[in-house]
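What follows is a set of notes on a single structure, which appears directly below.
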Amino acid sequence: MKGIIFTEFLELVEEKFGLAMVDKIINQSNLESNGIYTSVGTYEFSEMLQLITHLSENTDISVDDLLLVYSEHLFKALIKSHPYLVNHYKDPMDLLASIENHIHVEVKKIYPEAQLPTFEIQRRTKKKMVMLYKSDKALYMLGKGLMLETFKLFDVPVHIDFEKINEQGTEVRFIINRKE
Ligand code: HEM
């Protein structure tokens, strides 16, 4: 998993819960990196799982809710560091529909070691889009949050439902309904 995902995560933990909490979750985890991350490095996904699980235990906030909060922070960081990837989109549906064939394709060129999810568009009309998320990381809540942030960026109201296709959440169907 790319370092930017870790550095932004720890920055948010510090902002919301303080530096002592950053130290605490690092110390509670068994990290090959010793908790030292650079945005361009690549680290084991299991390190992120440990950090977020410990944060959840220490704060009594579910991992899903933490991922939703994190997605807000991460989205801002991603578009700040790669504005040219999103600047020309005029509509949130178009942006989301382009993750698979444009945005994440470019991400893969910048970070060849990135392990990205796939998003297959199963149905699309003017107001509704059905997308199938697949990733062995099962970070679908992060995906939901990033989708919500995309709509927020364009100030377009939306309702997003999802159905887990399997128990682990490595395959999840998103139903995106635009509300205007
Ligand atoms: C400027 C826009 C974007 C950039 C630069 C970007 C970049 C990235 C990067 C660097 C990762 C980490 C990959 C790794 O650690 O190996 C990632 C993961 C991810 N991205 Fe994007 N992304 C963008 C937009 C989006 C949007 C709009 C969505 C909405 C659904 C999305 C969904 C995800 C998900 C769910 C993951 C987690 C990995 C997984 O589930 O397997 N991304 N993205």
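Each chain in the structure tokens gets a letter, A, B, ..., in the order shown, and its residues are numbered from 1; ligands are numbered from 1 in order too.
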7 Å shell around ligand 1 using only C-alpha atoms and all ligand atoms, listed as a PyMOL selection string: chain A and resi 1-2+4-5+75+78-79+82-83+85-86+95-96+99+103-104+107+113-117+135-140+142-144+146-147+150
Pick out the residues sitting within 8 Å of segment 51-68 of chain A, and hand them over as a list of chain:residue names; count only C-alpha atoms, and ignore anything fewer than 4 positions along from it in its own chain. A:Met21, A:Ile25, A:Ile26, A:Gln28, A:Ser29, A:Glu47, A:Glu72, A:Met141, A:Leu142, A:Lys144, A:Gly145
Quick one: pull the distance between atom CA of Ile160 of chain A and atom CA of Leu148 of chain A, Å, one decimal. 7.7 Å
Please report, as a PDB file with N, CA and C atoms, in the first residue's frame, each residue of chain A to which DSSP assigns strand (DSSP E or B) when run on this structure's backbone.
```pdb
ATOM      1  N   LYS A   2       0.439   2.249  -0.774  1.00  0.00           N
ATOM      2  CA  LYS A   2       1.282   3.426  -0.941  1.00  0.00           C
ATOM      3  C   LYS A   2       1.387   4.273   0.336  1.00  0.00           C
ATOM      4  N   THR A  42       6.325   2.265  -0.236  1.00  0.00           N
ATOM      5  CA  THR A  42       5.271   1.252  -0.315  1.00  0.00           C
ATOM      6  C   THR A  42       5.398   0.360   0.915  1.00  0.00           C
ATOM      7  N   THR A 118     -10.782  -2.423  -8.604  1.00  0.00           N
ATOM      8  CA  THR A 118     -11.405  -2.210  -9.917  1.00  0.00           C
ATOM      9  C   THR A 118     -12.854  -1.769  -9.690  1.00  0.00           C
ATOM     10  N   PHE A 119     -13.333  -0.945 -10.595  1.00  0.00           N
ATOM     11  CA  PHE A 119     -14.723  -0.478 -10.567  1.00  0.00           C
ATOM     12  C   PHE A 119     -15.333  -0.753 -11.933  1.00  0.00           C
ATOM     13  N   GLU A 120     -16.258  -1.697 -11.972  1.00  0.00           N
ATOM     14  CA  GLU A 120     -16.905  -2.017 -13.251  1.00  0.00           C
ATOM     15  C   GLU A 120     -18.276  -1.344 -13.277  1.00  0.00           C
ATOM     16  N   ILE A 121     -18.520  -0.584 -14.335  1.00  0.00           N
ATOM     17  CA  ILE A 121     -19.827   0.079 -14.446  1.00  0.00           C
ATOM     18  C   ILE A 121     -20.820  -0.928 -15.004  1.00  0.00           C
ATOM     19  N   GLN A 122     -21.868  -1.214 -14.234  1.00  0.00           N
ATOM     20  CA  GLN A 122     -22.830  -2.218 -14.674  1.00  0.00           C
ATOM     21  C   GLN A 122     -24.059  -1.588 -15.323  1.00  0.00           C
ATOM     22  N   ARG A 123     -24.330  -0.334 -14.931  1.00  0.00           N
ATOM     23  CA  ARG A 123     -25.512   0.339 -15.479  1.00  0.00           C
ATOM     24  C   ARG A 123     -25.297   1.823 -15.318  1.00  0.00           C
ATOM     25  N   ARG A 124     -25.680   2.577 -16.331  1.00  0.00           N
ATOM     26  CA  ARG A 124     -25.549   4.019 -16.170  1.00  0.00           C
ATOM     27  C   ARG A 124     -26.647   4.749 -16.921  1.00  0.00           C
ATOM     28  N   LYS A 128     -28.507   7.709 -12.443  1.00  0.00           N
ATOM     29  CA  LYS A 128     -28.173   6.533 -11.643  1.00  0.00           C
ATOM     30  C   LYS A 128     -26.980   5.783 -12.239  1.00  0.00           C
ATOM     31  N   MET A 129     -26.125   5.295 -11.343  1.00  0.00           N
ATOM     32  CA  MET A 129     -25.010   4.476 -11.830  1.00  0.00           C
ATOM     33  C   MET A 129     -24.813   3.312 -10.861  1.00  0.00           C
ATOM     34  N   VAL A 130     -24.602   2.132 -11.423  1.00  0.00           N
ATOM     35  CA  VAL A 130     -24.321   0.954 -10.602  1.00  0.00           C
ATOM     36  C   VAL A 130     -22.893   0.516 -10.914  1.00  0.00           C
ATOM     37  N   MET A 131     -22.067   0.462  -9.869  1.00  0.00           N
ATOM     38  CA  MET A 131     -20.651   0.114 -10.057  1.00  0.00           C
ATOM     39  C   MET A 131     -20.284  -1.061  -9.174  1.00  0.00           C
ATOM     40  N   LEU A 132     -19.516  -1.978  -9.723  1.00  0.00           N
ATOM     41  CA  LEU A 132     -19.066  -3.131  -8.941  1.00  0.00           C
ATOM     42  C   LEU A 132     -17.616  -2.911  -8.509  1.00  0.00           C
ATOM     43  N   TYR A 133     -17.416  -2.838  -7.198  1.00  0.00           N
ATOM     44  CA  TYR A 133     -16.079  -2.666  -6.615  1.00  0.00           C
ATOM     45  C   TYR A 133     -15.476  -4.039  -6.353  1.00  0.00           C
ATOM     46  N   LYS A 134     -14.233  -4.232  -6.767  1.00  0.00           N
ATOM     47  CA  LYS A 134     -13.536  -5.481  -6.432  1.00  0.00           C
ATOM     48  C   LYS A 134     -12.131  -5.162  -5.955  1.00  0.00           C
ATOM     49  N   VAL A 158     -26.511  13.532  -3.464  1.00  0.00           N
ATOM     50  CA  VAL A 158     -26.488  12.145  -3.941  1.00  0.00           C
ATOM     51  C   VAL A 158     -26.915  11.213  -2.826  1.00  0.00           C
ATOM     52  N   HIS A 159     -27.399  10.034  -3.197  1.00  0.00           N
ATOM     53  CA  HIS A 159     -27.627   8.978  -2.211  1.00  0.00           C
ATOM     54  C   HIS A 159     -26.887   7.732  -2.698  1.00  0.00           C
ATOM     55  N   ILE A 160     -26.043   7.169  -1.838  1.00  0.00           N
ATOM     56  CA  ILE A 160     -25.263   6.001  -2.256  1.00  0.00           C
ATOM     57  C   ILE A 160     -25.579   4.812  -1.353  1.00  0.00           C
ATOM     58  N   ASP A 161     -26.077   3.745  -1.968  1.00  0.00           N
ATOM     59  CA  ASP A 161     -26.315   2.482  -1.258  1.00  0.00           C
ATOM     60  C   ASP A 161     -25.285   1.474  -1.727  1.00  0.00           C
ATOM     61  N   PHE A 162     -25.057   0.446  -0.881  1.00  0.00           N
ATOM     62  CA  PHE A 162     -24.214  -0.633  -1.395  1.00  0.00           C
ATOM     63  C   PHE A 162     -24.710  -1.984  -0.907  1.00  0.00           C
ATOM     64  N   GLU A 163     -24.380  -3.018  -1.684  1.00  0.00           N
ATOM     65  CA  GLU A 163     -24.720  -4.398  -1.309  1.00  0.00           C
ATOM     66  C   GLU A 163     -23.448  -5.206  -1.368  1.00  0.00           C
ATOM     67  N   LYS A 164     -23.134  -5.882  -0.266  1.00  0.00           N
ATOM     68  CA  LYS A 164     -21.953  -6.740  -0.282  1.00  0.00           C
ATOM     69  C   LYS A 164     -22.291  -8.012  -1.051  1.00  0.00           C
ATOM     70  N   GLU A 171     -16.070  -7.881  -2.851  1.00  0.00           N
ATOM     71  CA  GLU A 171     -16.898  -7.520  -4.012  1.00  0.00           C
ATOM     72  C   GLU A 171     -18.146  -6.834  -3.496  1.00  0.00           C
ATOM     73  N   VAL A 172     -18.338  -5.605  -3.917  1.00  0.00           N
ATOM     74  CA  VAL A 172     -19.443  -4.806  -3.401  1.00  0.00           C
ATOM     75  C   VAL A 172     -20.084  -4.020  -4.541  1.00  0.00           C
ATOM     76  N   ARG A 173     -21.413  -4.069  -4.603  1.00  0.00           N
ATOM     77  CA  ARG A 173     -22.115  -3.313  -5.643  1.00  0.00           C
ATOM     78  C   ARG A 173     -22.575  -1.975  -5.062  1.00  0.00           C
ATOM     79  N   PHE A 174     -22.196  -0.881  -5.735  1.00  0.00           N
ATOM     80  CA  PHE A 174     -22.613   0.461  -5.326  1.00  0.00           C
ATOM     81  C   PHE A 174     -23.739   0.951  -6.220  1.00  0.00           C
ATOM     82  N   ILE A 175     -24.772   1.505  -5.585  1.00  0.00           N
ATOM     83  CA  ILE A 175     -25.893   2.074  -6.338  1.00  0.00           C
ATOM     84  C   ILE A 175     -25.910   3.570  -6.034  1.00  0.00           C
ATOM     85  N   ILE A 176     -25.582   4.338  -7.048  1.00  0.00           N
ATOM     86  CA  ILE A 176     -25.386   5.780  -6.874  1.00  0.00           C
ATOM     87  C   ILE A 176     -26.571   6.513  -7.501  1.00  0.00           C
ATOM     88  N   ASN A 177     -27.326   7.221  -6.680  1.00  0.00           N
ATOM     89  CA  ASN A 177     -28.498   7.949  -7.174  1.00  0.00           C
ATOM     90  C   ASN A 177     -28.315   9.441  -7.003  1.00  0.00           C
ATOM     91  N   ARG A 178     -28.209  10.116  -8.110  1.00  0.00           N
ATOM     92  CA  ARG A 178     -28.069  11.561  -8.090  1.00  0.00           C
ATOM     93  C   ARG A 178     -29.416  12.179  -7.709  1.00  0.00           C
TER      94      ARG A 178
END
```
What's the separation between atom CA of Pro112 of chain A and atom CA of Tyr37 of chain A, in Å to one decimal place? 17.6 Å
Applying 10 Å and only C-alpha atoms, which residues near Val22 of chain A remain after dropping the ones on its own chain fewer than 2 positions away? List them as a count of residues only. 18
I need the residues in chain A that are helix (DSSP H, G or I) according to DSSP; give them as a PyMOL selection string. chain A and resi 3-17+19-28+45-59+63-81+83-85+92-97+99-110+140-153
Pick the closest to Met93 of chain A from A:Asp23, A:Tyr43, A:Glu167, A:Leu153: which is it, counting only C-alpha atoms? A:Leu153
Have a look at atom CA of Glu149 of chain A and atom CA of Leu49 of chain A and let me know their distance in Å, one decimal.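 Atom CA of Leu49 of chain A lies at a distance of 22.5 Å from atom CA of Glu149 of chain A.
Using only C-alpha atoms, the smallest distance between any of A:His73, A:Ser98, A:Met48, A:Tyr89 and Lys16 of chain A comes from A:His73.
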